[in-house]
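Comments concern the structure below.
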Amino acid sequence: MTENDGWRLFRGDRTARQVDFPEAPPWRQFANGAPGIRVRHRPYLIGRTEADVVSAALHLRRPLLVTGHPGTGKSSLAHAVAHELSLGPVLQWPVNSRSVLKDALYGYDAIGRLRETHLRQERGAPEPDIGTFVRLGPLGTALVPRERPRVLLVDELDKGDVDLPNDLLTVFEEGEFEIPELSRLPEAQSEVPVLTHDPEGGRVTVTRGVVRCREFPVVVITSNGERDFPPAFLRRCVRLDLPDPDEERLRDIVAAHLGEGALEGVDDLLHAFLNRRAPGELATDQLLNAVFLRKGGVNLNAEGLLDAVLHRLGGSV
């Protein structure tokens, strides 16, 4: 599309107007399905060698530890595996400095149960079912016994506490965990339906307070290399380092997301991206943003706009 002035939705002239918003980029379009469900079927390109490493992790039933610079597709790999193998929506655990293992396994709302119990006692009603106040976390839901495994994305594990990788070892090795609040119940309450983290909703029955997987889940762990992991943890993972895409792979990525026609007239953007890119300083989706705007008629040679799209990821802003 040739350059035009219509792309300027905001003009800064203090004049109110009604504008028609253009179609969003494919990677910024959201599903209209049930709340909490994000369907990602966008193209994902991966080399044969890297795909073989993923298959090795699947055969070994081991977590896949994925490293690489921002924008190399670490998190998207989990969605690509789930889509290609028809394993359902990805269960996601975004790790931060406050993350603890228990939160990923399950949560118990003791205060809510106490409040509901008092309200029912006042009405002369029976006590509420404890399972209503127990919800499995993303890791706990991934360990629910089923015929086919689920995909669990543990995103940016290196942002968590230094002890978190070691805390995961037992769960990864044993494929099970205990919910003490349920295991202490009398034999008559040995089976308790509880809520799950599954975006599609539903409950699962926990027997004697233990969740034990039948098939070890497909665990994809991402790391930006901000912290070293202990040897015991690394020994139990299959490691995959995603390389920065070269010029040929970048062209394939642009064509896969925006069509073959998107490659016409964007050589200058591609070369600018490659010239500016140092390890970890630019992400591939920034190039896609630039190409999308160019094909929409935006003049990316305008002062400041190219810098805004292809800004470096490292250092101060």
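Chain labels follow the order of the structure tokens: the first chain is A, the next B, and so on; residue numbering restarts at 1 in every chain, and ligands are counted from 1 in their shown order.
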
Per-residue nearest contacts segment 54-119 of chain A to segment 260-279 of chain A, cut-off 12 Å, using only C-alpha atoms, as a Markdown table:
| residue | atom | partner | partner_atom | distance |
| --- | --- | --- | --- | --- |
| A:Gly68 | CA | A:Pro279 | CA | 9.7 |
| A:His69 | CA | A:Pro279 | CA | 7.1 |
| A:Pro70 | CA | A:Pro279 | CA | 9.4 |
| A:Gly71 | CA | A:Pro279 | CA | 11.0 |
| A:Thr72 | CA | A:Pro279 | CA | 11.0 |

From a backbone DSSP assignment, name each residue in segment 61-286 of chain A labelled strand (DSSP E or B), as number ranges by chain. A: 64-67, 91-94, 106-108, 134-136, 151-155, 176-178, 191-195, 203-207, 210-212, 218-223, 238-241

Helix (DSSP H, G or I) per DSSP on the backbone: members of segment 133-295 of chain A, as number ranges by chain: A: 133, 138-142, 157-159, 164-174, 180-183, 187-189, 231-235, 247-258, 260-263, 267-276, 284-295

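The coordinates place atom CA of Pro180 of chain A at 8.6 Å from atom CA of Val210 of chain A.
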
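Here the question is which of A:Ala256, A:Leu152, A:Cys237, A:Ala24 gets nearest to Ala78 of chain A using only C-alpha atoms, and that residue is A:Leu152.
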
Selection: 9 Å around Thr117 of chain A, only C-alpha atoms, excl. self and same-chain fewer than 6 positions, as a VMD selection string: chain A and resid 125 to 128

Name all residues at most 6 Å from segment 153-169 of chain A (count only C-alpha atoms; drop same-chain ones fewer than 3 positions away) and give them as a ChimeraX atom specification. /A:92-97,172,220-223,226-227

Might you pull out every residue within 10 Å of Leu250 of chain A, with only C-alpha atoms counted and same-chain residues fewer than 4 positions away left off, and present them as a VMD selection string? chain A and resid 45 244 to 246 254 to 256 270 274 284 287 to 288

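Residues in contact with Leu91 of chain A at up to 10 Å, not including ones fewer than 3 positions away on its chain and judged by only C-alpha atoms, are Ala78, His79, Ala82, Gly88, Pro94, Gly137, Pro138, Leu139, Gly140, Thr141, Ala142, Arg150, Val151, Leu152, Leu153, Val154, His197, Asp198, Pro199 and Val219 of chain A.
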
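The gap separating atom CA of Asn299 of chain A from atom CA of Arg28 of chain A is 21.1 Å, in Å to one decimal.
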
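Minimum distance to His59 of chain A across A:Phe10, A:Tyr44, A:Phe216, A:Phe177 (counting only C-alpha atoms) occurs at A:Phe216.
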
Who sits within 10 Å of Gly47 of chain A, only C-alpha atoms, same chain under 3 positions skipped, as an NGL selection string: :A and (50-52 or 242-243 or 245 or 249)

From A:Val206, A:Val54, A:Val309, A:Leu119, residue lying nearest Glu178 of chain A [only C-alpha atoms]: A:Val206
